[in-house]
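Accompanying notes for the structure given below.
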Amino acid sequence: MSDILVINPNSSAAVTRSMEACLEPFFGQCHSIRCIELSKSPPGIETDAHVAEVIPHLVEAVRDATADAIVVSCFSDPGIDVVRAAGHVPVTGIAEAAYLAALGLGNRFGIVSLGPSSVTRHLRYLEKLKLDARLAGDRSIDTTIVELVATDVVERVSSIARQLRDKDGADVIILGCAGLGSYRGALQDSLGLPVIDPVQAGVALACTHADLRYIGRAR
């Protein structure tokens, strides 16, 4: 049985539990999936400063981890190149995994983001990956991780997703935060479009990496 380690780079146990709930379709298969958070990190990763702060914590966690594949479960994919170089097994970033899944499901994807600063950060990463031409739009629900886990934001998420579909022309929707996955099923049914939870996308890719016994990035 392959061991998949899912690292929530923030310190919110509530976010980790929400990730575990979204990963239920993977349980009972040929993988053991463990989800952890990093106690040294802030409760949410919402700014560039937060991203920079968690990178050394991720490097430490990945360097010391025992697993067949690792998932970094933050949609900013913080320090993914450095983190991959620190590990001995494949390391998947959930944003990149979500983008790869979207490319196989439609022509242009839209992103439901947590806050305005996330939109700018996502675009920089998409340009680095040379995937920005496939972006239909990126719209924010204007909230924080703390607010997200404490309240029901389904109406805000649904409204933004409809704008991405109807105004921006997206034919695939990506939930641009590790804490939004609980809305995926209902949102997909109401929109009539594929909706991607990046945590699920990241774990699915990590399972493939483990099953095929890929090695980690060469140093």
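Simple scheme: letters A, B, ... for chains in structure tokens order, numbers from 1 for residues in each chain, numbers from 1 for ligands in the order shown.
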
Could you list, as a compact mmCIF listing (two decimals) with N, CA, C and O atoms, in the first residue's frame, every residue within 8 Å of Arg34 (chain A), counting only C-alpha atoms and ignoring same-chain residues fewer than 4 positions away?
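And here's selection-v9.txt as it stands now:
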```txt
# COMPACT_ATOMS: atom_id res chain seq x y z
N ASP A 3 1.99 5.08 0.58
CA ASP A 3 1.75 6.06 1.65
C ASP A 3 1.82 7.46 1.06
O ASP A 3 2.89 7.88 0.58
N ILE A 4 0.70 8.17 1.07
CA ILE A 4 0.63 9.53 0.54
C ILE A 4 0.52 10.50 1.71
O ILE A 4 -0.41 10.41 2.51
N LEU A 5 1.47 11.42 1.80
CA LEU A 5 1.45 12.43 2.85
C LEU A 5 0.94 13.75 2.27
O LEU A 5 1.52 14.27 1.31
N VAL A 6 -0.13 14.28 2.85
CA VAL A 6 -0.70 15.55 2.40
C VAL A 6 -0.37 16.59 3.47
O VAL A 6 -0.82 16.48 4.61
```

Give me the residues within 9 Å of Asn8 (chain A) as a list in words, counting only C-alpha atoms and dropping any in the same chain fewer than 6 places off. Val15, Thr16, Met19, Cys35, Ile36, Glu37, Leu38, Val71, Val72, Ser73, Cys74 and Ala178 of chain A

Please run DSSP on the backbone and report, as a PyMOL selection string, all residues within region 34-81 of chain A that come out as helix (DSSP H, G or I). chain A and resi 48-64+80-81

Coordinates-based distance that separates CA of Arg213 (chain A) from CA of Gly106 (chain A) (Å, one decimal):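 Those two atoms sit 28.9 Å apart.
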
Write out as a PDB file with all heavy atoms, in the first residue's frame each polymer residue whose atoms come within 12 Å of Ala133 (chain A), counting only C-alpha atoms; drop sequence neighbours fewer than 2 positions from it.
```
ATOM      1  N   TYR A  99      -4.389  22.702 -12.389  1.00  0.00           N
ATOM      2  CA  TYR A  99      -4.264  23.238 -13.742  1.00  0.00           C
ATOM      3  C   TYR A  99      -4.129  22.101 -14.758  1.00  0.00           C
ATOM      4  O   TYR A  99      -4.755  22.129 -15.831  1.00  0.00           O
ATOM      5  CB  TYR A  99      -3.049  24.166 -13.846  1.00  0.00           C
ATOM      6  CG  TYR A  99      -3.135  25.395 -12.968  1.00  0.00           C
ATOM      7  CD1 TYR A  99      -1.982  25.924 -12.364  1.00  0.00           C
ATOM      8  CD2 TYR A  99      -4.338  26.033 -12.722  1.00  0.00           C
ATOM      9  CE1 TYR A  99      -2.047  27.047 -11.549  1.00  0.00           C
ATOM     10  CE2 TYR A  99      -4.412  27.158 -11.915  1.00  0.00           C
ATOM     11  CZ  TYR A  99      -3.252  27.663 -11.324  1.00  0.00           C
ATOM     12  OH  TYR A  99      -3.332  28.769 -10.523  1.00  0.00           O
ATOM     13  N   LEU A 103      -6.736  21.267 -17.891  1.00  0.00           N
ATOM     14  CA  LEU A 103      -6.344  21.227 -19.299  1.00  0.00           C
ATOM     15  C   LEU A 103      -6.952  20.038 -20.031  1.00  0.00           C
ATOM     16  O   LEU A 103      -7.185  20.100 -21.239  1.00  0.00           O
ATOM     17  CB  LEU A 103      -4.818  21.175 -19.419  1.00  0.00           C
ATOM     18  CG  LEU A 103      -4.039  22.388 -18.908  1.00  0.00           C
ATOM     19  CD1 LEU A 103      -2.543  22.181 -19.109  1.00  0.00           C
ATOM     20  CD2 LEU A 103      -4.493  23.675 -19.577  1.00  0.00           C
ATOM     21  N   ASN A 107     -11.292  23.981 -22.453  1.00  0.00           N
ATOM     22  CA  ASN A 107     -10.389  24.882 -23.161  1.00  0.00           C
ATOM     23  C   ASN A 107      -9.859  26.005 -22.281  1.00  0.00           C
ATOM     24  O   ASN A 107      -8.693  26.378 -22.365  1.00  0.00           O
ATOM     25  CB  ASN A 107     -11.095  25.478 -24.378  1.00  0.00           C
ATOM     26  CG  ASN A 107     -11.381  24.450 -25.445  1.00  0.00           C
ATOM     27  OD1 ASN A 107     -10.527  23.631 -25.771  1.00  0.00           O
ATOM     28  ND2 ASN A 107     -12.595  24.465 -25.990  1.00  0.00           N
ATOM     29  N   ARG A 108     -10.730  26.571 -21.423  1.00  0.00           N
ATOM     30  CA  ARG A 108     -10.324  27.701 -20.591  1.00  0.00           C
ATOM     31  C   ARG A 108     -10.895  27.513 -19.193  1.00  0.00           C
ATOM     32  O   ARG A 108     -12.073  27.203 -19.029  1.00  0.00           O
ATOM     33  CB  ARG A 108     -10.807  29.022 -21.197  1.00  0.00           C
ATOM     34  CG  ARG A 108     -10.284  29.275 -22.608  1.00  0.00           C
ATOM     35  CD  ARG A 108     -10.776  30.597 -23.139  1.00  0.00           C
ATOM     36  NE  ARG A 108     -10.099  31.712 -22.495  1.00  0.00           N
ATOM     37  CZ  ARG A 108     -10.673  32.882 -22.214  1.00  0.00           C
ATOM     38  NH1 ARG A 108     -11.942  33.081 -22.480  1.00  0.00           N
ATOM     39  NH2 ARG A 108      -9.975  33.850 -21.656  1.00  0.00           N
ATOM     40  N   PHE A 109     -10.066  27.692 -18.197  1.00  0.00           N
ATOM     41  CA  PHE A 109     -10.508  27.488 -16.818  1.00  0.00           C
ATOM     42  C   PHE A 109     -10.637  28.810 -16.083  1.00  0.00           C
ATOM     43  O   PHE A 109      -9.965  29.791 -16.388  1.00  0.00           O
ATOM     44  CB  PHE A 109      -9.542  26.556 -16.068  1.00  0.00           C
ATOM     45  CG  PHE A 109      -8.095  26.993 -16.077  1.00  0.00           C
ATOM     46  CD1 PHE A 109      -7.618  27.931 -15.166  1.00  0.00           C
ATOM     47  CD2 PHE A 109      -7.207  26.451 -16.995  1.00  0.00           C
ATOM     48  CE1 PHE A 109      -6.287  28.326 -15.170  1.00  0.00           C
ATOM     49  CE2 PHE A 109      -5.873  26.852 -17.014  1.00  0.00           C
ATOM     50  CZ  PHE A 109      -5.416  27.784 -16.099  1.00  0.00           C
ATOM     51  N   GLY A 110     -11.539  28.821 -15.114  1.00  0.00           N
ATOM     52  CA  GLY A 110     -11.707  29.966 -14.231  1.00  0.00           C
ATOM     53  C   GLY A 110     -11.371  29.562 -12.814  1.00  0.00           C
ATOM     54  O   GLY A 110     -11.581  28.409 -12.423  1.00  0.00           O
ATOM     55  N   LEU A 123      -1.698  34.571 -11.080  1.00  0.00           N
ATOM     56  CA  LEU A 123      -1.306  34.945 -12.430  1.00  0.00           C
ATOM     57  C   LEU A 123       0.202  34.835 -12.614  1.00  0.00           C
ATOM     58  O   LEU A 123       0.678  34.355 -13.652  1.00  0.00           O
ATOM     59  CB  LEU A 123      -1.774  36.363 -12.762  1.00  0.00           C
ATOM     60  CG  LEU A 123      -1.457  36.848 -14.175  1.00  0.00           C
ATOM     61  CD1 LEU A 123      -2.033  35.920 -15.231  1.00  0.00           C
ATOM     62  CD2 LEU A 123      -1.961  38.273 -14.387  1.00  0.00           C
ATOM     63  N   LEU A 126       0.907  31.177 -13.060  1.00  0.00           N
ATOM     64  CA  LEU A 126       0.461  30.701 -14.364  1.00  0.00           C
ATOM     65  C   LEU A 126       1.392  31.164 -15.478  1.00  0.00           C
ATOM     66  O   LEU A 126       1.664  30.416 -16.429  1.00  0.00           O
ATOM     67  CB  LEU A 126      -0.971  31.181 -14.632  1.00  0.00           C
ATOM     68  CG  LEU A 126      -2.058  30.445 -13.871  1.00  0.00           C
ATOM     69  CD1 LEU A 126      -3.374  31.208 -13.934  1.00  0.00           C
ATOM     70  CD2 LEU A 126      -2.251  29.033 -14.429  1.00  0.00           C
ATOM     71  N   GLU A 127       1.883  32.383 -15.379  1.00  0.00           N
ATOM     72  CA  GLU A 127       2.841  32.883 -16.373  1.00  0.00           C
ATOM     73  C   GLU A 127       4.139  32.084 -16.302  1.00  0.00           C
ATOM     74  O   GLU A 127       4.735  31.757 -17.345  1.00  0.00           O
ATOM     75  CB  GLU A 127       3.099  34.370 -16.145  1.00  0.00           C
ATOM     76  CG  GLU A 127       1.901  35.244 -16.522  1.00  0.00           C
ATOM     77  CD  GLU A 127       2.086  36.701 -16.113  1.00  0.00           C
ATOM     78  OE1 GLU A 127       2.974  36.988 -15.278  1.00  0.00           O
ATOM     79  OE2 GLU A 127       1.338  37.548 -16.626  1.00  0.00           O
ATOM     80  N   LYS A 128       4.578  31.756 -15.101  1.00  0.00           N
ATOM     81  CA  LYS A 128       5.781  30.936 -14.951  1.00  0.00           C
ATOM     82  C   LYS A 128       5.587  29.559 -15.582  1.00  0.00           C
ATOM     83  O   LYS A 128       6.491  29.026 -16.243  1.00  0.00           O
ATOM     84  CB  LYS A 128       6.122  30.781 -13.468  1.00  0.00           C
ATOM     85  CG  LYS A 128       7.308  29.868 -13.198  1.00  0.00           C
ATOM     86  CD  LYS A 128       7.547  29.688 -11.705  1.00  0.00           C
ATOM     87  CE  LYS A 128       8.655  28.678 -11.447  1.00  0.00           C
ATOM     88  NZ  LYS A 128       8.865  28.464  -9.990  1.00  0.00           N
ATOM     89  N   LEU A 129       4.396  28.988 -15.395  1.00  0.00           N
ATOM     90  CA  LEU A 129       4.097  27.674 -15.964  1.00  0.00           C
ATOM     91  C   LEU A 129       3.725  27.745 -17.445  1.00  0.00           C
ATOM     92  O   LEU A 129       3.536  26.703 -18.079  1.00  0.00           O
ATOM     93  CB  LEU A 129       2.927  27.040 -15.196  1.00  0.00           C
ATOM     94  CG  LEU A 129       3.162  26.698 -13.727  1.00  0.00           C
ATOM     95  CD1 LEU A 129       1.855  26.264 -13.062  1.00  0.00           C
ATOM     96  CD2 LEU A 129       4.224  25.620 -13.566  1.00  0.00           C
ATOM     97  N   LYS A 130       3.599  28.966 -17.967  1.00  0.00           N
ATOM     98  CA  LYS A 130       3.205  29.205 -19.354  1.00  0.00           C
ATOM     99  C   LYS A 130       1.803  28.647 -19.649  1.00  0.00           C
ATOM    100  O   LYS A 130       1.524  28.103 -20.725  1.00  0.00           O
ATOM    101  CB  LYS A 130       4.242  28.626 -20.327  1.00  0.00           C
ATOM    102  CG  LYS A 130       5.638  29.207 -20.149  1.00  0.00           C
ATOM    103  CD  LYS A 130       6.596  28.772 -21.223  1.00  0.00           C
ATOM    104  CE  LYS A 130       8.006  29.268 -20.948  1.00  0.00           C
ATOM    105  NZ  LYS A 130       8.098  30.731 -20.788  1.00  0.00           N
ATOM    106  N   LEU A 131       0.921  28.813 -18.672  1.00  0.00           N
ATOM    107  CA  LEU A 131      -0.463  28.364 -18.811  1.00  0.00           C
ATOM    108  C   LEU A 131      -1.456  29.515 -18.778  1.00  0.00           C
ATOM    109  O   LEU A 131      -2.671  29.292 -18.799  1.00  0.00           O
ATOM    110  CB  LEU A 131      -0.808  27.381 -17.685  1.00  0.00           C
ATOM    111  CG  LEU A 131      -0.031  26.062 -17.662  1.00  0.00           C
ATOM    112  CD1 LEU A 131      -0.432  25.241 -16.440  1.00  0.00           C
ATOM    113  CD2 LEU A 131      -0.270  25.270 -18.943  1.00  0.00           C
ATOM    114  N   LEU A 135      -6.245  30.681 -19.108  1.00  0.00           N
ATOM    115  CA  LEU A 135      -7.016  31.261 -18.010  1.00  0.00           C
ATOM    116  C   LEU A 135      -8.145  32.128 -18.552  1.00  0.00           C
ATOM    117  O   LEU A 135      -7.904  33.100 -19.267  1.00  0.00           O
ATOM    118  CB  LEU A 135      -6.101  32.104 -17.117  1.00  0.00           C
ATOM    119  CG  LEU A 135      -6.785  32.877 -15.975  1.00  0.00           C
ATOM    120  CD1 LEU A 135      -7.334  31.908 -14.932  1.00  0.00           C
ATOM    121  CD2 LEU A 135      -5.801  33.865 -15.341  1.00  0.00           C
ATOM    122  N   ALA A 136      -9.379  31.792 -18.199  1.00  0.00           N
ATOM    123  CA  ALA A 136     -10.522  32.616 -18.595  1.00  0.00           C
ATOM    124  C   ALA A 136     -10.701  33.782 -17.638  1.00  0.00           C
ATOM    125  O   ALA A 136     -11.007  34.904 -18.053  1.00  0.00           O
ATOM    126  CB  ALA A 136     -11.789  31.762 -18.630  1.00  0.00           C
ATOM    127  N   GLY A 137     -10.513  33.535 -16.349  1.00  0.00           N
ATOM    128  CA  GLY A 137     -10.673  34.583 -15.351  1.00  0.00           C
ATOM    129  C   GLY A 137     -10.346  34.053 -13.971  1.00  0.00           C
ATOM    130  O   GLY A 137     -10.321  32.848 -13.734  1.00  0.00           O
TER     131      GLY A 137
END
```

Kindly indicate which residue among A:Pro194, A:Gly176, A:Gly185, A:Gly115 lies nearest to Ala95 (chain A), using only C-alpha atoms for the distances.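 Under the stated criterion, the closest residue is A:Gly176.
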
Atom pair CA of Ile196 (chain A) / CA of Asp48 (chain A): separation (Å):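 CA of Asp48 (chain A) lies at a distance of 23.9 Å from CA of Ile196 (chain A).
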
For a test of reading the model, state the distance in Å between CA of Gly192 (chain A) and CA of Ser113 (chain A), rounded to one decimal.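 Distance between the two atoms: 19.8 Å.
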